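The structure appears below as structure tokens.
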Amino acid sequence: MIRPGAVIFDLDGTLIDSERLVIDAGADILAGMGIADGRALLTALVGIDAVEGQRRLRAHVGPRFDMAAFDEVWNRASREAFDGIVPVMAGAEALLAELAVRGLPRAVATNS
């Protein structure tokens, strides 16, 4: 077996459950706007750049959708969600501890 020289992690959805917090916030806002399938829509946008994500969101909800207003409210709700405890992904702490015991360098690279 090849022993890696280092391990690089993505942060969101790998080490911390931040994606769920952001999706929950956005889905709640969309539900308040009468868009019932917001959670599935936003989940499908994970990992997509902002421009493409906005294009897909607008295609789904229609051209009259006020993207700027939605983004402002969604960003505020997401920041509020991060003011609380951001859950660690199951197994992440144990994995990081094991890598430390093995002396493997660790790093985080994130698109966020």
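Order determines the names: the first chain of the structure tokens is A, the second B, and so forth; residues in each chain are numbered 1 upward, and ligands are numbered 1 upward as they are shown.
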message: With only C-alpha atoms as the counted atoms, please give the residues lying no more than 9 Å from Leu45 of chain A, apart from itself and same-chain residues fewer than 5 positions off, as a ChimeraX atom specification.
response: /A:40,50,52-53,56-57
Keeping only all heavy atoms, write those residues as an mmCIF file, in the first residue's frame.
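Result written to out.cif:
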data_model
loop_
_atom_site.group_PDB
_atom_site.id
_atom_site.type_symbol
_atom_site.label_atom_id
_atom_site.label_comp_id
_atom_site.auth_asym_id
_atom_site.auth_seq_id
_atom_site.Cartn_x
_atom_site.Cartn_y
_atom_site.Cartn_z
ATOM 1 N N ALA A 40 -34.069 20.635 -2.198
ATOM 2 C CA ALA A 40 -33.526 19.815 -3.287
ATOM 3 C C ALA A 40 -32.790 20.680 -4.302
ATOM 4 O O ALA A 40 -31.714 20.311 -4.782
ATOM 5 C CB ALA A 40 -34.646 19.032 -3.965
ATOM 6 N N ALA A 50 -20.815 30.462 -8.081
ATOM 7 C CA ALA A 50 -21.942 31.356 -7.798
ATOM 8 C C ALA A 50 -22.687 31.777 -9.056
ATOM 9 O O ALA A 50 -23.923 31.827 -9.060
ATOM 10 C CB ALA A 50 -21.445 32.584 -7.039
ATOM 11 N N GLU A 52 -23.018 30.214 -11.987
ATOM 12 C CA GLU A 52 -23.817 29.104 -12.506
ATOM 13 C C GLU A 52 -24.955 28.769 -11.545
ATOM 14 O O GLU A 52 -26.075 28.465 -11.967
ATOM 15 C CB GLU A 52 -22.945 27.870 -12.760
ATOM 16 C CG GLU A 52 -23.697 26.656 -13.243
ATOM 17 C CD GLU A 52 -24.392 26.829 -14.591
ATOM 18 O OE1 GLU A 52 -24.093 27.798 -15.329
ATOM 19 O OE2 GLU A 52 -25.243 25.980 -14.914
ATOM 20 N N GLY A 53 -24.689 28.829 -10.245
ATOM 21 C CA GLY A 53 -25.727 28.570 -9.259
ATOM 22 C C GLY A 53 -26.880 29.554 -9.389
ATOM 23 O O GLY A 53 -28.050 29.160 -9.350
ATOM 24 N N ARG A 56 -28.923 28.747 -12.532
ATOM 25 C CA ARG A 56 -29.817 27.600 -12.344
ATOM 26 C C ARG A 56 -30.985 27.936 -11.422
ATOM 27 O O ARG A 56 -32.112 27.504 -11.644
ATOM 28 C CB ARG A 56 -29.038 26.412 -11.797
ATOM 29 C CG ARG A 56 -28.074 25.827 -12.808
ATOM 30 C CD ARG A 56 -27.365 24.634 -12.246
ATOM 31 N NE ARG A 56 -26.310 24.180 -13.129
ATOM 32 C CZ ARG A 56 -25.650 23.054 -12.968
ATOM 33 N NH1 ARG A 56 -25.922 22.249 -11.948
ATOM 34 N NH2 ARG A 56 -24.697 22.720 -13.815
ATOM 35 N N LEU A 57 -30.697 28.698 -10.378
ATOM 36 C CA LEU A 57 -31.761 29.103 -9.458
ATOM 37 C C LEU A 57 -32.792 29.956 -10.187
ATOM 38 O O LEU A 57 -33.996 29.722 -10.084
ATOM 39 C CB LEU A 57 -31.169 29.857 -8.268
ATOM 40 C CG LEU A 57 -32.126 30.304 -7.177
ATOM 41 C CD1 LEU A 57 -32.880 29.123 -6.580
ATOM 42 C CD2 LEU A 57 -31.362 31.044 -6.089
#
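Residues lying within 9 Å of segment 93-100 of chain A, counting only C-alpha atoms and ignoring same-chain neighbours fewer than 5 positions away, are Val7, Leu15, Val88, Pro105 and Arg106 of chain A.
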Keeping only C-alpha atoms, write those residues as a CSV table (one decimal), in the first residue's frame.
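Result file is part-v4.csv:
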chain,number,residue,atom,x,y,z
A,7,VAL,CA,-3.6,14.7,3.4
A,15,LEU,CA,-14.8,18.3,8.1
A,88,VAL,CA,-18.3,18.5,12.9
A,105,PRO,CA,0.8,16.6,7.6
A,106,ARG,CA,-2.8,17.9,7.2
Counting only C-alpha atoms, give me one row per residue of segment 46-100 of chain A with an atom at most 7 Å from an atom of segment 17-32 of chain A, showing the shortest contact pair and its distance in Å to one decimal, sorted by chain then residue number, as a Markdown table.
| residue | atom | partner | partner_atom | distance |
| --- | --- | --- | --- | --- |
| A:Trp74 | CA | A:Gly26 | CA | 5.6 |
| A:Ala77 | CA | A:Ala25 | CA | 5.8 |
| A:Ser78 | CA | A:Val22 | CA | 5.3 |
| A:Ala81 | CA | A:Leu21 | CA | 6.3 |
| A:Val86 | CA | A:Ser18 | CA | 6.4 |
| A:Pro87 | CA | A:Asp17 | CA | 5.3 |
| A:Val88 | CA | A:Asp17 | CA | 5.8 |
| A:Met89 | CA | A:Asp17 | CA | 5.6 |
Using N, CA and C atoms, can you write the selected residues to a file as a PDB file, in the first residue's frame?
ATOM      1  N   TRP A  74     -30.394  35.479   2.407  1.00  0.00           N
ATOM      2  CA  TRP A  74     -29.761  34.172   2.586  1.00  0.00           C
ATOM      3  C   TRP A  74     -28.389  34.315   3.238  1.00  0.00           C
ATOM      4  N   ALA A  77     -28.999  35.081   6.931  1.00  0.00           N
ATOM      5  CA  ALA A  77     -29.462  33.882   7.647  1.00  0.00           C
ATOM      6  C   ALA A  77     -28.322  32.871   7.804  1.00  0.00           C
ATOM      7  N   SER A  78     -27.478  32.749   6.802  1.00  0.00           N
ATOM      8  CA  SER A  78     -26.342  31.822   6.881  1.00  0.00           C
ATOM      9  C   SER A  78     -25.350  32.277   7.946  1.00  0.00           C
ATOM     10  N   ALA A  81     -26.676  31.412  11.250  1.00  0.00           N
ATOM     11  CA  ALA A  81     -26.537  29.978  11.521  1.00  0.00           C
ATOM     12  C   ALA A  81     -25.117  29.660  11.975  1.00  0.00           C
ATOM     13  N   VAL A  86     -21.249  24.963  14.684  1.00  0.00           N
ATOM     14  CA  VAL A  86     -21.227  24.305  13.387  1.00  0.00           C
ATOM     15  C   VAL A  86     -20.831  22.847  13.634  1.00  0.00           C
ATOM     16  N   PRO A  87     -21.718  21.912  13.321  1.00  0.00           N
ATOM     17  CA  PRO A  87     -21.423  20.509  13.626  1.00  0.00           C
ATOM     18  C   PRO A  87     -20.226  19.978  12.838  1.00  0.00           C
ATOM     19  N   VAL A  88     -19.437  19.171  13.507  1.00  0.00           N
ATOM     20  CA  VAL A  88     -18.321  18.472  12.877  1.00  0.00           C
ATOM     21  C   VAL A  88     -18.893  17.224  12.212  1.00  0.00           C
ATOM     22  N   MET A  89     -18.402  16.887  11.037  1.00  0.00           N
ATOM     23  CA  MET A  89     -18.868  15.694  10.333  1.00  0.00           C
ATOM     24  C   MET A  89     -18.490  14.441  11.129  1.00  0.00           C
TER      25      MET A  89
END
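You can rank A:Thr110, A:Arg79, A:Ala36, A:Gly47 by their closest distance to His60 of chain A using only C-alpha atoms, and at the top of that list sits A:Ala36.
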query: Which of chain A counts as alpha helix (DSSP H) under DSSP, as a count of residues only please?
result: 60
- prompt: With only C-alpha atoms as the basis for distance, which of A:Ala109, A:Ala44, A:Val101, A:Val51 is at the shortest distance from Met67 of chain A?
  reply: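 Residue with the minimum atom-to-atom distance to Met67 of chain A: A:Val51.
Residues of chain A that DSSP places in strand (DSSP E), based on the backbone of this structure, are Val7, Ile8, Phe9, Arg106, Ala107 and Val108 of chain A.
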